[in-house]
Amino acid sequence: MRLLRLTGIATGFLFLGTAIPMFAQREADKDKQEERRGDRNRGEKGQGRFERGAPQPGQQPPQARRQEQQPPPEAEQQQQRQERRQQQVQQQQQVQQQESARQAEQQRQERSRAPQDERRQQQVQQPEQQRQERERAQQDERRQQQMQQQAEQQRQERSRAQLEQQQRQQRSRSTQPEQQSRRQIEPQRQYPAQQRTQQQARSWQQQQGWLRNGGWQGRNNWQHNRARHWASDHRTWSQRGGYGGYYIPQDRFRLYFGSHHPFRLRARPVMYMGYPRFEYGGFSFLLVDPWPEYWSDDWYANDDLFIDYDDGYYLLDRRDPQVRLAVSVVL
């Protein structure tokens, strides 16, 4: 923008410098033509007076008329021409001064506008910069929160693993006498023959006979069937008054059940009558005990499980064999 203005100003000065000498030259030629025309007129008038003779009465003498009609001397004409030239030069100088003043005013206005434009630009940029700073601050805060959450989760997992290990050690110490006595009795224990009909087993199942003597009350979803304190929440079948459900035939039990037949559940058990239900070995089982609070949520899919019989049916995890979860055959 400034380059265009400076180019226009230089062009104006160049035009004025060329036009002034041309104008002065035309004025000088015009003055010379007037002088030649005056000399020719004076010659013609003198010849006419010579032919007419003496002046008529009441007329001025020819000499007086010649003095009146005689043009101003050459020096006066030159002075007039110089005065006109000076006036022209003064006018040109005034025009140049006005143009210079106008240009100076434009430059001053541009200089005064420059800080204003810069301030406006800064004002426009400030909200965007503030928005970007706020976004960066929010991102940093979110990253910090995520890091804190991850650290908290890791801490909880470590504490849960430590608690699980401690509980396993305590259970192993507390169950050692029970296991020893069980091993002593186990050679004499035999798998019972089928003692009740399917109708009797269905009746016991409908009455929810596993709830006797403080058995675990079913919940409406998988997570709610997780124990808070498994040691006090679970019950053995002896504590419930014995197992009253359906018995698996002995030949089928030997083929698919016991510690030598582990399996994994590929899908989470579904809820039935408020308890988790799963299928295995051609039979349907109901988990009537809560699962320990220190087990992972997907233990059924990642751990090797098996079903065994003692005073009733139990689901066991090879990773934690001291925990026995009471299960009932569902018809």
# chains A, B, ... in the order shown; residues from 1 in each chain; ligands from 1
>>> select_by_dssp(residues="segment 93-321 of chain A", states="strand (DSSP E)", output="list of chain:residue names")
A:Val270, A:Met271, A:Tyr272, A:Tyr275, A:Pro276, A:Arg277, A:Phe278, A:Glu279, A:Tyr280, A:Phe283, A:Ser284, A:Phe285, A:Leu286, A:Leu287, A:Leu305, A:Phe306, A:Ile307, A:Asp308, A:Tyr309, A:Tyr313, A:Tyr314, A:Leu315, A:Leu316, A:Asp317, A:Asp320, A:Pro321
>>> select_by_dssp(residues="segment 252-295 of chain A", states="alpha helix (DSSP H)", output="short mmCIF file (atom, residue, chain, number, x, y, z; two decimals) with all heavy atoms, in the first residue's frame")
data_model
loop_
_atom_site.label_atom_id
_atom_site.label_comp_id
_atom_site.auth_asym_id
_atom_site.auth_seq_id
_atom_site.Cartn_x
_atom_site.Cartn_y
_atom_site.Cartn_z
N ARG A 252 -21.54 -91.75 35.10
CA ARG A 252 -21.38 -90.43 34.49
C ARG A 252 -20.43 -89.57 35.31
O ARG A 252 -19.63 -88.79 34.77
CB ARG A 252 -22.75 -89.73 34.37
CG ARG A 252 -23.73 -90.44 33.46
CD ARG A 252 -23.38 -90.23 31.99
NE ARG A 252 -23.41 -88.82 31.64
CZ ARG A 252 -24.52 -88.16 31.31
NH1 ARG A 252 -25.69 -88.81 31.27
NH2 ARG A 252 -24.47 -86.89 30.98
N PHE A 253 -20.54 -89.68 36.63
CA PHE A 253 -19.67 -88.88 37.50
C PHE A 253 -18.20 -89.23 37.27
O PHE A 253 -17.33 -88.36 37.21
CB PHE A 253 -20.05 -89.07 38.96
CG PHE A 253 -19.30 -88.18 39.90
CD1 PHE A 253 -19.73 -86.90 40.18
CD2 PHE A 253 -18.13 -88.63 40.53
CE1 PHE A 253 -19.04 -86.07 41.04
CE2 PHE A 253 -17.43 -87.81 41.39
CZ PHE A 253 -17.88 -86.52 41.65
N ARG A 254 -17.90 -90.54 37.14
CA ARG A 254 -16.51 -90.96 36.94
C ARG A 254 -15.96 -90.51 35.59
O ARG A 254 -14.75 -90.27 35.46
CB ARG A 254 -16.42 -92.47 37.07
CG ARG A 254 -16.64 -92.97 38.49
CD ARG A 254 -16.60 -94.48 38.55
NE ARG A 254 -16.78 -94.96 39.92
CZ ARG A 254 -16.85 -96.26 40.24
NH1 ARG A 254 -16.79 -97.19 39.28
NH2 ARG A 254 -17.01 -96.61 41.51
N LEU A 255 -16.82 -90.38 34.59
CA LEU A 255 -16.36 -89.99 33.25
C LEU A 255 -16.06 -88.50 33.13
O LEU A 255 -15.14 -88.09 32.42
CB LEU A 255 -17.41 -90.39 32.21
CG LEU A 255 -17.53 -91.89 31.89
CD1 LEU A 255 -18.68 -92.14 30.95
CD2 LEU A 255 -16.22 -92.40 31.30
N TYR A 256 -16.83 -87.66 33.81
CA TYR A 256 -16.75 -86.21 33.56
C TYR A 256 -16.41 -85.37 34.80
O TYR A 256 -16.14 -84.18 34.66
CB TYR A 256 -18.08 -85.70 32.99
CG TYR A 256 -18.47 -86.36 31.70
CD1 TYR A 256 -19.48 -87.32 31.66
CD2 TYR A 256 -17.81 -86.05 30.52
CE1 TYR A 256 -19.84 -87.94 30.48
CE2 TYR A 256 -18.17 -86.66 29.32
CZ TYR A 256 -19.17 -87.60 29.30
OH TYR A 256 -19.50 -88.22 28.12
#
>>> residues_around(residues="Trp230 of chain A", least_positions_apart="5", cutoff="9 Å", atoms="only C-alpha atoms", output="NGL selection string")
:A and (290-293)
>>> write_last_selection(atoms="N, CA, C and O atoms", output="PDB file, in the first residue's frame")
ATOM      1  N   PRO A 290     -21.653 -67.719  47.438  1.00  0.00           N
ATOM      2  CA  PRO A 290     -21.004 -66.565  46.793  1.00  0.00           C
ATOM      3  C   PRO A 290     -19.561 -66.899  46.430  1.00  0.00           C
ATOM      4  O   PRO A 290     -18.923 -67.732  47.092  1.00  0.00           O
ATOM      5  N   TRP A 291     -19.046 -66.278  45.392  1.00  0.00           N
ATOM      6  CA  TRP A 291     -17.640 -66.497  45.053  1.00  0.00           C
ATOM      7  C   TRP A 291     -16.785 -65.472  45.780  1.00  0.00           C
ATOM      8  O   TRP A 291     -17.224 -64.352  46.057  1.00  0.00           O
ATOM      9  N   PRO A 292     -15.540 -65.826  46.151  1.00  0.00           N
ATOM     10  CA  PRO A 292     -14.723 -64.976  47.040  1.00  0.00           C
ATOM     11  C   PRO A 292     -14.497 -63.576  46.472  1.00  0.00           C
ATOM     12  O   PRO A 292     -14.389 -63.381  45.270  1.00  0.00           O
ATOM     13  N   GLU A 293     -14.416 -62.634  47.375  1.00  0.00           N
ATOM     14  CA  GLU A 293     -14.249 -61.233  46.981  1.00  0.00           C
ATOM     15  C   GLU A 293     -12.891 -60.955  46.379  1.00  0.00           C
ATOM     16  O   GLU A 293     -12.713 -59.955  45.660  1.00  0.00           O
TER      17      GLU A 293
END
>>> residues_around(residues="segment 272-276 of chain A", least_positions_apart="4", cutoff="8 Å", atoms="only C-alpha atoms", output="short mmCIF file (atom, residue, chain, number, x, y, z; two decimals) with all heavy atoms, in the first residue's frame")
data_model
loop_
_atom_site.label_atom_id
_atom_site.label_comp_id
_atom_site.auth_asym_id
_atom_site.auth_seq_id
_atom_site.Cartn_x
_atom_site.Cartn_y
_atom_site.Cartn_z
N GLN A 217 -28.36 -65.86 50.34
CA GLN A 217 -29.53 -65.38 49.60
C GLN A 217 -29.08 -64.92 48.20
O GLN A 217 -28.15 -64.16 48.06
CB GLN A 217 -30.18 -64.20 50.35
CG GLN A 217 -30.79 -64.57 51.68
CD GLN A 217 -32.11 -65.32 51.53
OE1 GLN A 217 -32.72 -65.30 50.47
NE2 GLN A 217 -32.55 -65.99 52.59
N GLY A 218 -29.80 -65.39 47.19
CA GLY A 218 -29.44 -65.04 45.81
C GLY A 218 -29.59 -63.55 45.52
O GLY A 218 -30.34 -62.83 46.19
N ARG A 219 -28.86 -63.09 44.51
CA ARG A 219 -28.92 -61.69 44.08
C ARG A 219 -29.40 -61.63 42.62
O ARG A 219 -29.58 -62.66 41.97
CB ARG A 219 -27.54 -61.03 44.20
CG ARG A 219 -26.95 -61.09 45.60
CD ARG A 219 -27.76 -60.21 46.56
NE ARG A 219 -27.07 -60.06 47.84
CZ ARG A 219 -27.19 -60.84 48.88
NH1 ARG A 219 -27.98 -61.92 48.79
NH2 ARG A 219 -26.56 -60.62 50.01
N ASN A 220 -29.57 -60.41 42.13
CA ASN A 220 -30.15 -60.26 40.80
C ASN A 220 -29.12 -60.17 39.68
O ASN A 220 -29.49 -60.10 38.51
CB ASN A 220 -31.06 -59.02 40.75
CG ASN A 220 -30.30 -57.75 41.14
OD1 ASN A 220 -29.12 -57.82 41.47
ND2 ASN A 220 -30.97 -56.61 41.12
N ASN A 221 -27.83 -60.13 39.99
CA ASN A 221 -26.83 -60.10 38.91
C ASN A 221 -25.54 -60.77 39.40
O ASN A 221 -25.39 -61.09 40.58
CB ASN A 221 -26.57 -58.67 38.42
CG ASN A 221 -26.06 -57.75 39.50
OD1 ASN A 221 -25.12 -58.09 40.24
ND2 ASN A 221 -26.67 -56.59 39.65
N TRP A 222 -24.62 -60.93 38.46
CA TRP A 222 -23.37 -61.66 38.71
C TRP A 222 -22.52 -60.98 39.77
O TRP A 222 -22.02 -61.64 40.70
CB TRP A 222 -22.61 -61.80 37.40
CG TRP A 222 -21.22 -62.32 37.53
CD1 TRP A 222 -20.06 -61.61 37.43
CD2 TRP A 222 -20.81 -63.67 37.77
NE1 TRP A 222 -18.97 -62.40 37.60
CE2 TRP A 222 -19.40 -63.70 37.80
CE3 TRP A 222 -21.50 -64.86 37.97
CZ2 TRP A 222 -18.67 -64.85 38.03
CZ3 TRP A 222 -20.78 -66.02 38.19
CH2 TRP A 222 -19.38 -66.01 38.22
N ASN A 225 -23.41 -61.34 43.43
CA ASN A 225 -23.17 -62.65 44.05
C ASN A 225 -21.71 -62.83 44.45
O ASN A 225 -21.27 -63.96 44.68
CB ASN A 225 -23.59 -63.77 43.08
CG ASN A 225 -25.07 -64.08 43.19
OD1 ASN A 225 -25.49 -64.80 44.08
ND2 ASN A 225 -25.85 -63.51 42.29
N LEU A 286 -26.38 -75.03 39.66
CA LEU A 286 -26.70 -73.75 40.26
C LEU A 286 -25.68 -73.46 41.36
O LEU A 286 -25.49 -74.27 42.27
CB LEU A 286 -28.11 -73.78 40.86
CG LEU A 286 -28.82 -72.42 41.01
CD1 LEU A 286 -29.06 -71.80 39.64
CD2 LEU A 286 -30.15 -72.62 41.73
N LEU A 287 -24.99 -72.30 41.25
CA LEU A 287 -23.97 -71.92 42.23
C LEU A 287 -24.67 -71.22 43.39
O LEU A 287 -25.04 -70.06 43.30
CB LEU A 287 -22.93 -71.00 41.57
CG LEU A 287 -21.76 -70.54 42.44
CD1 LEU A 287 -20.92 -71.73 42.89
CD2 LEU A 287 -20.89 -69.54 41.68
N VAL A 288 -24.85 -71.96 44.52
CA VAL A 288 -25.63 -71.43 45.64
C VAL A 288 -24.74 -70.81 46.71
O VAL A 288 -25.24 -70.42 47.77
CB VAL A 288 -26.51 -72.54 46.25
CG1 VAL A 288 -27.55 -73.00 45.23
CG2 VAL A 288 -25.67 -73.71 46.74
#
>>> atom_distance(atom1="atom CA of Asp297 of chain A", atom2="atom CA of Gln154 of chain A")
16.2 Å
>>> atom_distance(atom1="atom CA of His260 of chain A", atom2="atom CA of Phe278 of chain A")
19.6 Å
>>> atom_distance(atom1="atom CA of Gln78 of chain A", atom2="atom CA of Gln91 of chain A")
19.7 Å
>>> residues_around(residues="segment 316-331 of chain A", least_positions_apart="6", cutoff="7 Å", atoms="only C-alpha atoms", output="VMD selection string")
chain A and resid 171 to 172 202 236 245 to 246 284 to 289 303 to 307
>>> write_last_selection(atoms="C-alpha atoms", output="PDB file, in the first residue's frame")
ATOM      1  CA  ARG A 171      -6.758 -70.808  54.855  1.00  0.00           C
ATOM      2  CA  SER A 172      -3.977 -73.252  54.104  1.00  0.00           C
ATOM      3  CA  ARG A 202     -37.508 -80.896  42.033  1.00  0.00           C
ATOM      4  CA  THR A 236     -21.034 -76.311  53.501  1.00  0.00           C
ATOM      5  CA  GLY A 245     -30.955 -82.291  45.165  1.00  0.00           C
ATOM      6  CA  TYR A 246     -30.550 -84.704  42.270  1.00  0.00           C
ATOM      7  CA  SER A 284     -27.000 -77.930  34.672  1.00  0.00           C
ATOM      8  CA  PHE A 285     -25.645 -76.579  37.968  1.00  0.00           C
ATOM      9  CA  LEU A 286     -26.703 -73.748  40.264  1.00  0.00           C
ATOM     10  CA  LEU A 287     -23.968 -71.924  42.228  1.00  0.00           C
ATOM     11  CA  VAL A 288     -25.629 -71.430  45.642  1.00  0.00           C
ATOM     12  CA  ASP A 289     -22.502 -70.031  47.374  1.00  0.00           C
ATOM     13  CA  ASP A 303      -9.019 -70.746  35.787  1.00  0.00           C
ATOM     14  CA  ASP A 304      -9.180 -74.564  35.633  1.00  0.00           C
ATOM     15  CA  LEU A 305     -12.293 -75.715  37.470  1.00  0.00           C
ATOM     16  CA  PHE A 306     -13.678 -79.103  38.470  1.00  0.00           C
ATOM     17  CA  ILE A 307     -16.714 -80.455  40.297  1.00  0.00           C
TER      18      ILE A 307
END
